[in-house]
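Trainee: Just one file: my_file-v7.cif, with mmCIF, C-alpha atoms.
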```
data_target
#
loop_
_atom_site.label_atom_id
_atom_site.label_comp_id
_atom_site.auth_asym_id
_atom_site.auth_seq_id
_atom_site.Cartn_x
_atom_site.Cartn_y
_atom_site.Cartn_z
CA MET V 1328 -0.87 -24.04 20.08
CA TYR V 1329 -0.05 -20.60 18.68
CA PRO V 1330 -2.77 -18.74 20.61
CA GLU V 1331 -1.41 -15.37 19.35
CA ILE V 1332 -2.13 -16.01 15.67
CA ILE V 1333 -5.46 -17.71 16.45
CA LYS V 1334 -6.53 -14.58 18.32
CA HIS V 1335 -5.18 -12.42 15.47
CA ILE V 1336 -7.23 -14.13 12.73
CA SER V 1337 -10.33 -14.58 14.91
CA GLN V 1338 -10.52 -10.83 15.58
CA GLU V 1339 -11.53 -10.27 11.95
CA ILE V 1340 -13.41 -13.42 10.94
CA ASP V 1341 -15.50 -16.08 12.62
CA PHE V 1342 -13.58 -19.24 11.72
CA LYS V 1343 -14.62 -22.81 12.55
CA ALA V 1344 -12.24 -24.87 14.69
CA SER V 1345 -11.45 -27.11 11.69
CA GLU V 1346 -10.56 -24.06 9.55
CA ILE V 1347 -8.22 -22.73 12.20
CA GLU V 1348 -6.66 -26.14 12.54
CA GLU V 1349 -6.02 -26.32 8.81
CA PHE V 1350 -4.48 -22.82 8.83
CA ILE V 1351 -2.22 -23.65 11.77
CA SER V 1352 -1.00 -26.84 10.06
CA LEU V 1353 0.46 -24.67 7.26
CA LEU V 1354 2.68 -22.56 9.51
CA SER V 1355 6.36 -23.13 10.20
CA GLU V 1356 7.92 -21.80 13.38
CA ILE V 1357 11.15 -19.82 13.03
CA HIS V 1358 13.46 -18.66 15.81
CA LEU V 1359 15.82 -15.77 15.22
CA SER V 1360 18.49 -14.41 17.50
CA LYS V 1361 19.04 -10.68 17.89
CA LYS V 1362 20.83 -9.28 14.78
CA GLU V 1363 20.15 -12.45 12.76
CA LEU V 1364 19.02 -11.91 9.16
CA LEU V 1365 15.75 -13.44 7.97
CA ILE V 1366 15.97 -12.13 4.38
CA ARG V 1367 18.81 -10.54 2.42
CA PRO V 1368 18.92 -9.03 -1.10
CA ASN V 1369 18.60 -11.53 -3.98
CA ASP V 1370 16.99 -14.20 -1.76
CA SER V 1371 13.89 -15.92 -3.10
CA VAL V 1372 11.06 -14.90 -0.79
CA ASN V 1373 8.50 -17.68 -0.45
CA TYR V 1374 7.18 -16.79 2.98
CA GLU V 1375 5.42 -13.99 4.78
CA TYR V 1376 5.89 -13.97 8.54
CA PHE V 1377 3.64 -13.34 11.53
CA VAL V 1378 5.52 -12.08 14.62
CA VAL V 1379 4.67 -14.12 17.74
CA SER V 1380 7.29 -12.35 19.84
CA GLY V 1381 10.22 -10.04 19.27
CA CYS V 1382 10.89 -7.12 16.98
CA LEU V 1383 12.30 -6.84 13.46
CA LYS V 1384 13.21 -4.20 10.90
CA ALA V 1385 13.07 -4.27 7.08
CA TYR V 1386 15.60 -1.95 5.45
CA TYR V 1387 17.16 -1.03 2.16
CA LEU V 1388 20.88 -0.26 1.75
CA ASP V 1389 21.41 2.31 -1.00
CA GLU V 1390 24.44 2.47 -3.31
CA SER V 1391 26.33 4.70 -0.89
CA GLY V 1392 25.72 2.14 1.89
CA GLU V 1393 23.15 4.28 3.68
CA ARG V 1394 20.36 2.38 5.45
CA HIS V 1395 16.67 3.27 4.98
CA ILE V 1396 14.24 1.54 7.35
CA ILE V 1397 11.04 0.69 5.47
CA GLN V 1398 9.14 -1.19 8.18
CA PHE V 1399 9.26 -2.36 11.77
CA ALA V 1400 7.32 -5.38 13.01
CA ILE V 1401 6.45 -6.35 16.57
CA GLU V 1402 4.01 -8.89 18.04
CA ASP V 1403 0.87 -9.32 15.92
CA TRP V 1404 2.34 -7.76 12.74
CA TRP V 1405 3.22 -9.41 9.44
CA ILE V 1406 6.57 -8.81 7.75
CA SER V 1407 8.29 -9.87 4.54
CA ASP V 1408 9.85 -8.35 1.46
CA PHE V 1409 6.28 -8.11 0.16
CA GLU V 1410 7.27 -6.92 -3.31
CA ALA V 1411 9.48 -10.01 -3.73
CA PHE V 1412 6.89 -12.29 -2.08
CA PHE V 1413 3.90 -11.25 -4.21
CA ASN V 1414 5.71 -10.60 -7.50
CA LYS V 1415 8.04 -13.61 -7.17
CA GLU V 1416 11.08 -11.39 -7.65
CA PRO V 1417 14.45 -11.54 -5.85
CA ALA V 1418 14.51 -9.68 -2.53
CA LYS V 1419 15.75 -6.09 -2.40
CA LEU V 1420 15.46 -5.69 1.37
CA TYR V 1421 17.24 -6.92 4.45
CA ILE V 1422 15.00 -8.16 7.26
CA GLU V 1423 16.82 -8.38 10.57
CA ALA V 1424 15.81 -9.25 14.13
CA ILE V 1425 16.25 -6.34 16.54
CA GLU V 1426 15.45 -8.69 19.44
CA ASP V 1427 15.35 -12.50 19.75
CA SER V 1428 12.16 -13.27 17.82
CA VAL V 1429 9.71 -16.09 17.16
CA LEU V 1430 7.90 -16.01 13.81
CA LEU V 1431 5.34 -18.13 11.99
CA GLY V 1432 6.06 -18.44 8.27
CA LEU V 1433 3.31 -18.96 5.69
CA HIS V 1434 4.42 -20.27 2.26
CA CYS V 1435 2.96 -18.55 -0.84
CA ASP V 1436 1.79 -21.86 -2.40
CA ALA V 1437 0.13 -22.98 0.84
CA LEU V 1438 -1.59 -19.59 1.04
CA GLU V 1439 -2.87 -19.89 -2.54
CA GLU V 1440 -4.24 -23.38 -1.79
CA LEU V 1441 -5.84 -22.10 1.41
CA PHE V 1442 -7.67 -19.35 -0.52
CA LYS V 1443 -9.17 -21.99 -2.81
CA ARG V 1444 -10.23 -24.32 -0.01
CA ILE V 1445 -11.45 -21.74 2.55
CA PRO V 1446 -12.55 -18.45 0.92
CA LYS V 1447 -12.89 -16.83 4.36
CA PHE V 1448 -9.09 -16.52 4.35
CA GLU V 1449 -9.39 -14.56 1.15
CA ARG V 1450 -11.53 -12.14 3.16
CA PHE V 1451 -9.08 -12.08 6.06
CA PHE V 1452 -6.10 -11.25 3.86
CA ARG V 1453 -8.11 -8.75 1.78
CA ILE V 1454 -8.87 -6.85 5.00
CA LYS V 1455 -5.25 -7.07 6.22
CA THR V 1456 -3.85 -5.96 2.84
CA THR V 1457 -6.34 -3.09 2.62
CA ASN V 1458 -5.22 -1.91 6.06
CA ALA V 1459 -1.58 -2.15 5.04
CA PHE V 1460 -2.25 -0.24 1.80
CA VAL V 1461 -4.19 2.51 3.59
CA SER V 1462 -1.55 2.75 6.30
CA LEU V 1463 1.19 3.16 3.65
CA ARG V 1464 -0.81 5.91 1.88
CA SER V 1465 -1.26 7.65 5.27
CA ARG V 1466 2.46 7.42 5.91
CA ILE V 1467 3.22 9.13 2.59
CA LEU V 1468 0.64 11.84 3.33
CA GLU V 1469 1.91 12.29 6.88
CA THR V 1470 5.38 13.21 5.68
CA LEU V 1471 3.75 16.04 3.67
CA GLN V 1472 1.22 17.04 6.24
CA LYS V 1473 2.44 16.61 9.78
CA SER V 1474 5.31 18.01 11.83
CA SER V 1475 8.13 15.71 12.94
CA ALA V 1476 6.74 15.81 16.50
CA GLU V 1477 3.29 14.71 15.32
CA ARG V 1478 4.78 11.92 13.25
CA TYR V 1479 6.80 10.73 16.23
CA LEU V 1480 3.68 10.69 18.42
CA ASN V 1481 1.73 8.77 15.74
CA PHE V 1482 4.59 6.31 15.52
CA CYS V 1483 4.56 5.72 19.31
CA ASN V 1484 0.83 5.17 19.09
CA LYS V 1485 1.14 2.67 16.25
CA TYR V 1486 3.99 0.71 17.82
CA PRO V 1487 3.23 0.73 21.57
CA ASN V 1488 6.29 0.87 23.83
CA ILE V 1489 8.60 0.90 20.86
CA GLU V 1490 10.82 3.62 22.34
CA LYS V 1491 11.94 1.04 24.90
CA ARG V 1492 12.77 -1.55 22.25
CA VAL V 1493 14.23 0.32 19.28
CA THR V 1494 17.04 2.89 19.30
CA ASN V 1495 16.17 6.54 18.65
CA HIS V 1496 18.50 6.39 15.71
CA HIS V 1497 16.30 3.67 14.13
CA ILE V 1498 13.10 5.62 14.76
CA ALA V 1499 14.60 8.79 13.27
CA ASN V 1500 15.73 6.83 10.20
CA TYR V 1501 12.24 5.31 9.73
CA LEU V 1502 10.56 8.72 10.11
CA GLY V 1503 13.07 10.38 7.80
CA ILE V 1504 14.16 12.98 10.36
CA GLN V 1505 17.60 13.82 11.76
CA PRO V 1506 18.53 11.97 15.01
CA GLU V 1507 19.32 15.33 16.66
CA SER V 1508 15.84 16.63 15.78
CA LEU V 1509 14.26 13.53 17.33
CA SER V 1510 16.23 14.05 20.57
CA ARG V 1511 14.97 17.64 20.73
CA ILE V 1512 11.37 16.53 20.04
CA ARG V 1513 11.53 13.85 22.76
CA LYS V 1514 12.87 16.37 25.28
CA GLU V 1515 10.15 18.89 24.46
CA LEU V 1516 7.40 16.24 24.72
CA LEU V 1517 8.71 15.13 28.14
CA LEU V 1518 8.46 18.70 29.39
CA HIS V 1519 4.74 18.91 28.59
CA MET M 148 -22.91 -2.39 -21.21
CA TYR M 149 -19.64 -1.24 -19.65
CA PRO M 150 -17.42 -3.65 -21.62
CA GLU M 151 -14.28 -2.01 -20.14
CA ILE M 152 -14.98 -2.99 -16.54
CA ILE M 153 -16.29 -6.44 -17.55
CA LYS M 154 -12.97 -7.07 -19.33
CA HIS M 155 -11.11 -5.65 -16.30
CA ILE M 156 -12.71 -8.00 -13.75
CA SER M 157 -12.71 -11.02 -16.09
CA GLN M 158 -8.94 -10.79 -16.59
CA GLU M 159 -8.45 -11.92 -12.98
CA ILE M 160 -11.41 -14.16 -12.22
CA ASP M 161 -13.76 -16.44 -14.13
CA PHE M 162 -17.14 -14.92 -13.29
CA LYS M 163 -20.53 -16.28 -14.34
CA ALA M 164 -22.74 -14.01 -16.48
CA SER M 165 -25.18 -13.61 -13.56
CA GLU M 166 -22.36 -12.54 -11.23
CA ILE M 167 -21.16 -9.94 -13.71
CA GLU M 168 -24.73 -8.72 -14.13
CA GLU M 169 -25.10 -8.30 -10.38
CA PHE M 170 -21.81 -6.40 -10.16
CA ILE M 171 -22.74 -4.09 -13.05
CA SER M 172 -26.11 -3.30 -11.43
CA LEU M 173 -24.24 -1.76 -8.47
CA LEU M 174 -22.28 0.79 -10.50
CA SER M 175 -23.23 4.41 -11.06
CA GLU M 176 -21.93 6.27 -14.09
CA ILE M 177 -20.32 9.67 -13.48
CA HIS M 178 -19.30 12.23 -16.09
CA LEU M 179 -16.68 14.83 -15.24
CA SER M 180 -15.51 17.75 -17.34
CA LYS M 181 -11.85 18.70 -17.51
CA LYS M 182 -10.78 20.47 -14.27
CA GLU M 183 -13.96 19.36 -12.43
CA LEU M 184 -13.43 18.11 -8.88
CA LEU M 185 -14.68 14.64 -7.91
CA ILE M 186 -13.56 14.81 -4.26
CA ARG M 187 -12.37 17.69 -2.10
CA PRO M 188 -11.04 17.78 1.50
CA ASN M 189 -13.62 17.06 4.23
CA ASP M 190 -16.00 15.29 1.82
CA SER M 191 -17.44 11.96 2.92
CA VAL M 192 -16.02 9.38 0.54
CA ASN M 193 -18.50 6.56 -0.06
CA TYR M 194 -17.32 5.51 -3.51
CA GLU M 195 -14.27 4.16 -5.23
CA TYR M 196 -14.14 4.83 -8.96
CA PHE M 197 -13.13 2.81 -12.00
CA VAL M 198 -11.94 4.95 -14.93
CA VAL M 199 -13.75 4.06 -18.18
CA SER M 200 -12.19 6.95 -20.09
CA GLY M 201 -10.23 10.07 -19.27
CA CYS M 202 -7.49 10.94 -16.83
CA LEU M 203 -7.53 12.18 -13.20
CA LYS M 204 -5.10 13.23 -10.49
CA ALA M 205 -5.33 12.88 -6.70
CA TYR M 206 -3.36 15.55 -4.84
CA TYR M 207 -2.76 17.03 -1.44
CA LEU M 208 -2.41 20.77 -0.81
CA ASP M 209 -0.04 21.42 2.08
CA GLU M 210 -0.29 24.33 4.53
CA SER M 211 1.84 26.55 2.33
CA GLY M 212 -0.50 25.83 -0.59
CA GLU M 213 1.96 23.59 -2.39
CA ARG M 214 0.44 20.72 -4.40
CA HIS M 215 1.69 17.13 -4.06
CA ILE M 216 0.32 14.65 -6.61
CA ILE M 217 -0.26 11.29 -4.94
CA GLN M 218 -1.81 9.35 -7.81
CA PHE M 219 -2.82 9.52 -11.45
CA ALA M 220 -5.56 7.36 -12.92
CA ILE M 221 -6.27 6.58 -16.56
CA GLU M 222 -8.47 3.96 -18.26
CA ASP M 223 -8.65 0.69 -16.32
CA TRP M 224 -7.40 2.15 -13.01
CA TRP M 225 -9.27 2.68 -9.75
CA ILE M 226 -9.12 5.99 -7.90
CA SER M 227 -10.49 7.43 -4.66
CA ASP M 228 -9.28 8.98 -1.43
CA PHE M 229 -8.73 5.39 -0.30
CA GLU M 230 -7.81 6.30 3.26
CA ALA M 231 -11.13 8.16 3.64
CA PHE M 232 -13.04 5.43 1.77
CA PHE M 233 -11.78 2.47 3.80
CA ASN M 234 -11.47 4.16 7.19
CA LYS M 235 -14.70 6.17 6.84
CA GLU M 236 -12.84 9.41 7.56
CA PRO M 237 -13.27 12.83 5.92
CA ALA M 238 -11.29 13.26 2.70
CA LYS M 239 -7.84 14.86 2.79
CA LEU M 240 -7.24 14.81 -0.95
CA TYR M 241 -8.52 16.61 -4.00
CA ILE M 242 -9.39 14.41 -6.96
CA GLU M 243 -9.65 16.36 -10.20
CA ALA M 244 -10.26 15.46 -13.83
CA ILE M 245 -7.29 16.31 -16.09
CA GLU M 246 -9.43 15.43 -19.14
CA ASP M 247 -13.18 14.95 -19.64
CA SER M 248 -13.70 11.60 -17.90
CA VAL M 249 -16.26 8.83 -17.48
CA LEU M 250 -16.14 6.87 -14.22
CA LEU M 251 -18.05 4.02 -12.63
CA GLY M 252 -18.61 4.52 -8.90
CA LEU M 253 -18.94 1.59 -6.48
CA HIS M 254 -20.51 2.38 -3.08
CA CYS M 255 -18.79 0.96 0.03
CA ASP M 256 -22.02 -0.62 1.36
CA ALA M 257 -22.82 -2.22 -2.00
CA LEU M 258 -19.26 -3.58 -2.11
CA GLU M 259 -19.58 -5.06 1.39
CA GLU M 260 -22.86 -6.75 0.40
CA LEU M 261 -21.27 -8.05 -2.79
CA PHE M 262 -18.44 -9.69 -0.82
CA LYS M 263 -21.01 -11.55 1.27
CA ARG M 264 -23.06 -12.72 -1.70
CA ILE M 265 -20.25 -13.52 -4.17
CA PRO M 266 -16.94 -14.35 -2.43
CA LYS M 267 -15.14 -14.35 -5.79
CA PHE M 268 -15.25 -10.54 -5.60
CA GLU M 269 -13.39 -10.80 -2.31
CA ARG M 270 -10.68 -12.57 -4.30
CA PHE M 271 -10.77 -9.97 -7.08
CA PHE M 272 -10.36 -7.04 -4.71
CA ARG M 273 -7.74 -8.88 -2.61
CA ILE M 274 -5.62 -9.27 -5.74
CA LYS M 275 -6.18 -5.64 -6.81
CA THR M 276 -5.37 -4.31 -3.33
CA THR M 277 -2.27 -6.49 -3.07
CA ASN M 278 -1.06 -5.08 -6.40
CA ALA M 279 -1.73 -1.53 -5.22
CA PHE M 280 0.10 -2.17 -1.92
CA VAL M 281 3.12 -3.72 -3.65
CA SER M 282 3.19 -0.93 -6.21
CA LEU M 283 3.20 1.69 -3.43
CA ARG M 284 6.06 -0.11 -1.62
CA SER M 285 8.00 -0.21 -4.93
CA ARG M 286 7.40 3.51 -5.42
CA ILE M 287 8.86 4.27 -1.98
CA LEU M 288 11.87 2.03 -2.70
CA GLU M 289 12.35 3.52 -6.16
CA THR M 290 12.83 7.00 -4.75
CA LEU M 291 15.73 5.58 -2.69
CA GLN M 292 17.11 3.30 -5.32
CA LYS M 293 16.69 4.63 -8.81
CA SER M 294 17.86 7.74 -10.67
CA SER M 295 15.31 10.34 -11.75
CA ALA M 296 15.72 9.16 -15.36
CA GLU M 297 14.96 5.55 -14.41
CA ARG M 298 11.93 6.64 -12.41
CA TYR M 299 10.67 8.68 -15.35
CA LEU M 300 11.05 5.67 -17.68
CA ASN M 301 9.24 3.40 -15.20
CA PHE M 302 6.48 5.97 -14.97
CA CYS M 303 6.07 6.07 -18.78
CA ASN M 304 5.93 2.29 -18.76
CA LYS M 305 3.29 2.18 -16.05
CA TYR M 306 1.09 4.89 -17.57
CA PRO M 307 1.38 4.34 -21.32
CA ASN M 308 1.22 7.51 -23.43
CA ILE M 309 0.85 9.65 -20.35
CA GLU M 310 3.41 12.20 -21.58
CA LYS M 311 0.87 13.18 -24.23
CA ARG M 312 -1.92 13.63 -21.68
CA VAL M 313 -0.35 15.13 -18.57
CA THR M 314 1.92 18.18 -18.34
CA ASN M 315 5.60 17.64 -17.55
CA HIS M 316 5.08 19.80 -14.52
CA HIS M 317 2.54 17.25 -13.18
CA ILE M 318 4.84 14.31 -13.86
CA ALA M 319 7.77 16.05 -12.14
CA ASN M 320 5.55 16.81 -9.13
CA TYR M 321 4.39 13.18 -8.88
CA LEU M 322 7.97 11.88 -9.16
CA GLY M 323 9.26 14.42 -6.66
CA ILE M 324 11.83 15.92 -9.04
CA GLN M 325 12.35 19.49 -10.23
CA PRO M 326 10.56 20.39 -13.52
CA GLU M 327 13.90 21.62 -14.94
CA SER M 328 15.53 18.24 -14.17
CA LEU M 329 12.69 16.43 -15.94
CA SER M 330 13.13 18.61 -19.07
CA ARG M 331 16.84 17.75 -19.09
CA ILE M 332 16.11 14.02 -18.63
CA ARG M 333 13.56 14.04 -21.47
CA LYS M 334 16.02 15.77 -23.80
CA GLU M 335 18.78 13.28 -22.96
CA LEU M 336 16.46 10.30 -23.50
CA LEU M 337 15.35 11.63 -26.88
CA LEU M 338 19.00 11.85 -27.97
CA HIS M 339 19.59 8.13 -27.34
#
```
Mind turning the file's structure into structure tokens?
Mentor:
Amino acid sequence: MYPEIIKHISQEIDFKASEIEEFISLLSEIHLSKKELLIRPNDSVNYEYFVVSGCLKAYYLDESGERHIIQFAIEDWWISDFEAFFNKEPAKLYIEAIEDSVLLGLHCDALEELFKRIPKFERFFRIKTTNAFVSLRSRILETLQKSSAERYLNFCNKYPNIEKRVTNHHIANYLGIQPESLSRIRKELLLH
Amino acid sequence: MYPEIIKHISQEIDFKASEIEEFISLLSEIHLSKKELLIRPNDSVNYEYFVVSGCLKAYYLDESGERHIIQFAIEDWWISDFEAFFNKEPAKLYIEAIEDSVLLGLHCDALEELFKRIPKFERFFRIKTTNAFVSLRSRILETLQKSSAERYLNFCNKYPNIEKRVTNHHIANYLGIQPESLSRIRKELLLH
């Protein structure tokens, strides 16, 4: 049952079978169809979600109705409106399925209980959160430091095969570059 | 000894005196004069630093020599080139004292050992890292969502009394707004 998430947590920490069983018992399975919304602004956000299969985007709609993609998530990634989840504030983001997706939701209270009962999960989520924090700092630095072409290549590296699954328009929006510039970059890279 | 950091860790977790003693024994005290560099690009970064007193900035110099301030730190904050620290990569940032400062450095190996011996520190740093991650996501969203004036007010709230300690030019750079716009905003706010 749920071999993907068992593999995911076991890569970091050596859990006992009983600990894994307890963790799995806390998860709820969610099925989303393509274009279905998981979270919308002002929702209460009590869950973070592990992606078993599919692909999602988290985005913010500004006052002029322009969309800003904050995060993608594919298999083996976690997604939520993390600010709302951790600070217990209303959501500001939309989270939408780009493909039919299967997720495993973990409730904040269940997570807090789990930390108390099995401190190894504290370690697991410390490592995951540290990686997410470092990756976000890198992303901020990258926009200052690297060319659009380099950032596109890094993106392809981080999200394998994403070009086949997400429109170029989405990738350009996430990277903060013009769609026309991304088309040019892709053409130039194909020539090399 | 070091009452500031003892108060800092005890706000989150109920540590025993012996646990606090063990933690304190791992720290090294560092004194920096105003304008002294703590970290420069290509350094190995083996420490993260708790600020006992003083004020520092972490910044990136881009290819054209332009400075981008990534983080400030005052009393009770942690600072490092976190990407370099956690990923064991060479530093990309400069970290410089804005005032004479006293720091407590925590070595990555000592930290790793501490996690194994006292799992409560795993919890402490999970909470701190989660807060840092959420705060970084908020900062990205704020640049999309809030006016420059709102971002300036949030900044003053987050770093109390910072206007007295850091130049307006620094604050404008950190917030990604023009120094002239910040002067205008400050004048308007003073009128209300």
Trainee: Hey, list the chain V side of the contact with chain M: 6 Å cut-off, only C-alpha atoms, answer as a ChimeraX atom specification.
Mentor: /V:1410,1449-1450,1453,1460-1461
Trainee: Distance atom CA of Trp1404 of chain V-atom CA of Pro1506 of chain V, one decimal place?
Mentor: 25.6 Å
Trainee: One decimal, in Å: what's the spacing between atom CA of Ile221 of chain M and atom CA of Gly201 of chain M?
Mentor: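 These two atoms are separated by 5.9 Å.
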Trainee: Go ahead and fit an axis-aligned box to every listed atom of segment 185-195 of chain M plus 8 Å each side, and pass me the centre and edge lengths in Å, one decimal, as lines of an AutoDock Vina configuration file.
Mentor:
```
center_x = -14.8
center_y = 11.0
center_z = -1.8
size_x = 23.5
size_y = 29.6
size_z = 28.1
```
Trainee: Once the PyMOL selection byres ((chain V and resi 1351) around 10) is applied to the coordinates I shared, what remains selected? I want it as a PyMOL selection string.
Mentor: chain V and resi 1328-1329+1332-1333+1345-1350+1352-1355+1431+1433
Trainee: Could the residues in this selection be written to a file with C-alpha atoms, as a CSV table (one decimal), in the frame of the given file?
Mentor:
```
chain,number,residue,atom,x,y,z
V,1328,MET,CA,-0.9,-24.0,20.1
V,1329,TYR,CA,0.0,-20.6,18.7
V,1332,ILE,CA,-2.1,-16.0,15.7
V,1333,ILE,CA,-5.5,-17.7,16.4
V,1345,SER,CA,-11.4,-27.1,11.7
V,1346,GLU,CA,-10.6,-24.1,9.6
V,1347,ILE,CA,-8.2,-22.7,12.2
V,1348,GLU,CA,-6.7,-26.1,12.5
V,1349,GLU,CA,-6.0,-26.3,8.8
V,1350,PHE,CA,-4.5,-22.8,8.8
V,1352,SER,CA,-1.0,-26.8,10.1
V,1353,LEU,CA,0.5,-24.7,7.3
V,1354,LEU,CA,2.7,-22.6,9.5
V,1355,SER,CA,6.4,-23.1,10.2
V,1431,LEU,CA,5.3,-18.1,12.0
V,1433,LEU,CA,3.3,-19.0,5.7
```
Trainee: Do you know which residues are at most 12 Å from segment 1495-1503 of chain V counting only C-alpha atoms, after dropping those on the same chain fewer than 2 positions away, and could you put them as a CSV table (one decimal) with C-alpha atoms, keeping the file's coordinate frame?
Mentor:
```csv
chain,number,residue,atom,x,y,z
V,1383,LEU,CA,12.3,-6.8,13.5
V,1384,LYS,CA,13.2,-4.2,10.9
V,1385,ALA,CA,13.1,-4.3,7.1
V,1386,TYR,CA,15.6,-2.0,5.4
V,1387,TYR,CA,17.2,-1.0,2.2
V,1393,GLU,CA,23.2,4.3,3.7
V,1394,ARG,CA,20.4,2.4,5.4
V,1395,HIS,CA,16.7,3.3,5.0
V,1396,ILE,CA,14.2,1.5,7.4
V,1397,ILE,CA,11.0,0.7,5.5
V,1398,GLN,CA,9.1,-1.2,8.2
V,1399,PHE,CA,9.3,-2.4,11.8
V,1425,ILE,CA,16.2,-6.3,16.5
V,1466,ARG,CA,2.5,7.4,5.9
V,1467,ILE,CA,3.2,9.1,2.6
V,1469,GLU,CA,1.9,12.3,6.9
V,1470,THR,CA,5.4,13.2,5.7
V,1471,LEU,CA,3.8,16.0,3.7
V,1473,LYS,CA,2.4,16.6,9.8
V,1474,SER,CA,5.3,18.0,11.8
V,1475,SER,CA,8.1,15.7,12.9
V,1476,ALA,CA,6.7,15.8,16.5
V,1477,GLU,CA,3.3,14.7,15.3
V,1478,ARG,CA,4.8,11.9,13.2
V,1479,TYR,CA,6.8,10.7,16.2
V,1480,LEU,CA,3.7,10.7,18.4
V,1481,ASN,CA,1.7,8.8,15.7
V,1482,PHE,CA,4.6,6.3,15.5
V,1483,CYS,CA,4.6,5.7,19.3
V,1486,TYR,CA,4.0,0.7,17.8
V,1489,ILE,CA,8.6,0.9,20.9
V,1490,GLU,CA,10.8,3.6,22.3
V,1491,LYS,CA,11.9,1.0,24.9
V,1492,ARG,CA,12.8,-1.6,22.2
V,1493,VAL,CA,14.2,0.3,19.3
V,1505,GLN,CA,17.6,13.8,11.8
V,1506,PRO,CA,18.5,12.0,15.0
V,1507,GLU,CA,19.3,15.3,16.7
V,1508,SER,CA,15.8,16.6,15.8
V,1509,LEU,CA,14.3,13.5,17.3
V,1510,SER,CA,16.2,14.0,20.6
V,1511,ARG,CA,15.0,17.6,20.7
V,1512,ILE,CA,11.4,16.5,20.0
V,1513,ARG,CA,11.5,13.8,22.8
M,291,LEU,CA,15.7,5.6,-2.7
```
Trainee: Taking (-17.2, 10.8, -16.4) in the file's coordinates as the center, which residues reach within 6 Å of it, counting only C-alpha atoms, put as a PyMOL selection string?
Mentor: chain M and resi 177-179+248-250
Trainee: Which of these residues is nearest to Glu195 of chain M, using all atoms listed in the file: M:Ile226, M:Ile324, M:Lys163, M:Glu151?
Mentor: M:Ile226
Trainee: How many Å separate atom CA of Glu222 of chain M from atom CA of Ala164 of chain M?
Mentor: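 Answer for the atom CA of Glu222 of chain M to atom CA of Ala164 of chain M separation: 23.0 Å.
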Trainee: Between V:Asp1436, V:Tyr1421, V:Lys1361, V:Ile1336, which one has atoms that come closest to Trp1405 of chain V, using only C-alpha atoms?
Mentor: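 With only C-alpha atoms as the atom set, the closest residue is V:Ile1336.
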Trainee: Which residue, V:Ser1391, V:Ser1407, V:Cys1382, V:Asp1427, has the smallest gap to Glu1363 of chain V when you use only C-alpha atoms?
Mentor: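 Of V:Ser1391, V:Ser1407, V:Cys1382, V:Asp1427, the one nearest Glu1363 of chain V, counting only C-alpha atoms, is V:Asp1427.
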Trainee: May I ask which of the residues M:Glu335, M:Asn193, M:Glu176, M:His155 is the closest one to Glu259 of chain M, counting all atoms listed in the file?
Mentor: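 Closest to Glu259 of chain M of all the choices is M:Asn193.
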Trainee: Please write the residues picked by the PyMOL selection byres ((chain M and resi 184) around 8) on this file as an MDAnalysis selection string.
Mentor: chainID M and resid 179 182:183 185:187 241:244
Trainee: Could you add the missing atoms to segment 246-256 of chain M, up to N, CA and C atoms, and return them as a CSV table (one decimal), keeping the file's coordinate frame?
Mentor:
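So part-v8.csv came out as:
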```csv
chain,number,residue,atom,x,y,z
M,246,GLU,N,-8.7,15.4,-17.9
M,246,GLU,CA,-9.4,15.4,-19.1
M,246,GLU,C,-10.9,15.2,-18.8
M,247,ASP,N,-11.8,15.4,-19.8
M,247,ASP,CA,-13.2,15.0,-19.6
M,247,ASP,C,-13.1,13.4,-19.3
M,248,SER,N,-13.9,13.0,-18.3
M,248,SER,CA,-13.7,11.6,-17.9
M,248,SER,C,-15.0,10.9,-17.6
M,249,VAL,N,-15.1,9.6,-17.9
M,249,VAL,CA,-16.3,8.8,-17.5
M,249,VAL,C,-15.8,7.8,-16.5
M,250,LEU,N,-16.5,7.8,-15.3
M,250,LEU,CA,-16.1,6.9,-14.2
M,250,LEU,C,-17.3,6.0,-13.9
M,251,LEU,N,-17.0,4.9,-13.2
M,251,LEU,CA,-18.0,4.0,-12.6
M,251,LEU,C,-17.8,4.0,-11.1
M,252,GLY,N,-18.8,4.5,-10.4
M,252,GLY,CA,-18.6,4.5,-8.9
M,252,GLY,C,-19.2,3.3,-8.2
M,253,LEU,N,-18.5,2.8,-7.2
M,253,LEU,CA,-18.9,1.6,-6.5
M,253,LEU,C,-19.0,2.0,-5.0
M,254,HIS,N,-20.3,1.9,-4.5
M,254,HIS,CA,-20.5,2.4,-3.1
M,254,HIS,C,-20.0,1.4,-2.1
M,255,CYS,N,-19.4,1.9,-1.0
M,255,CYS,CA,-18.8,1.0,0.0
M,255,CYS,C,-19.8,-0.1,0.6
M,256,ASP,N,-21.0,0.3,0.8
M,256,ASP,CA,-22.0,-0.6,1.4
M,256,ASP,C,-22.4,-1.7,0.3
```
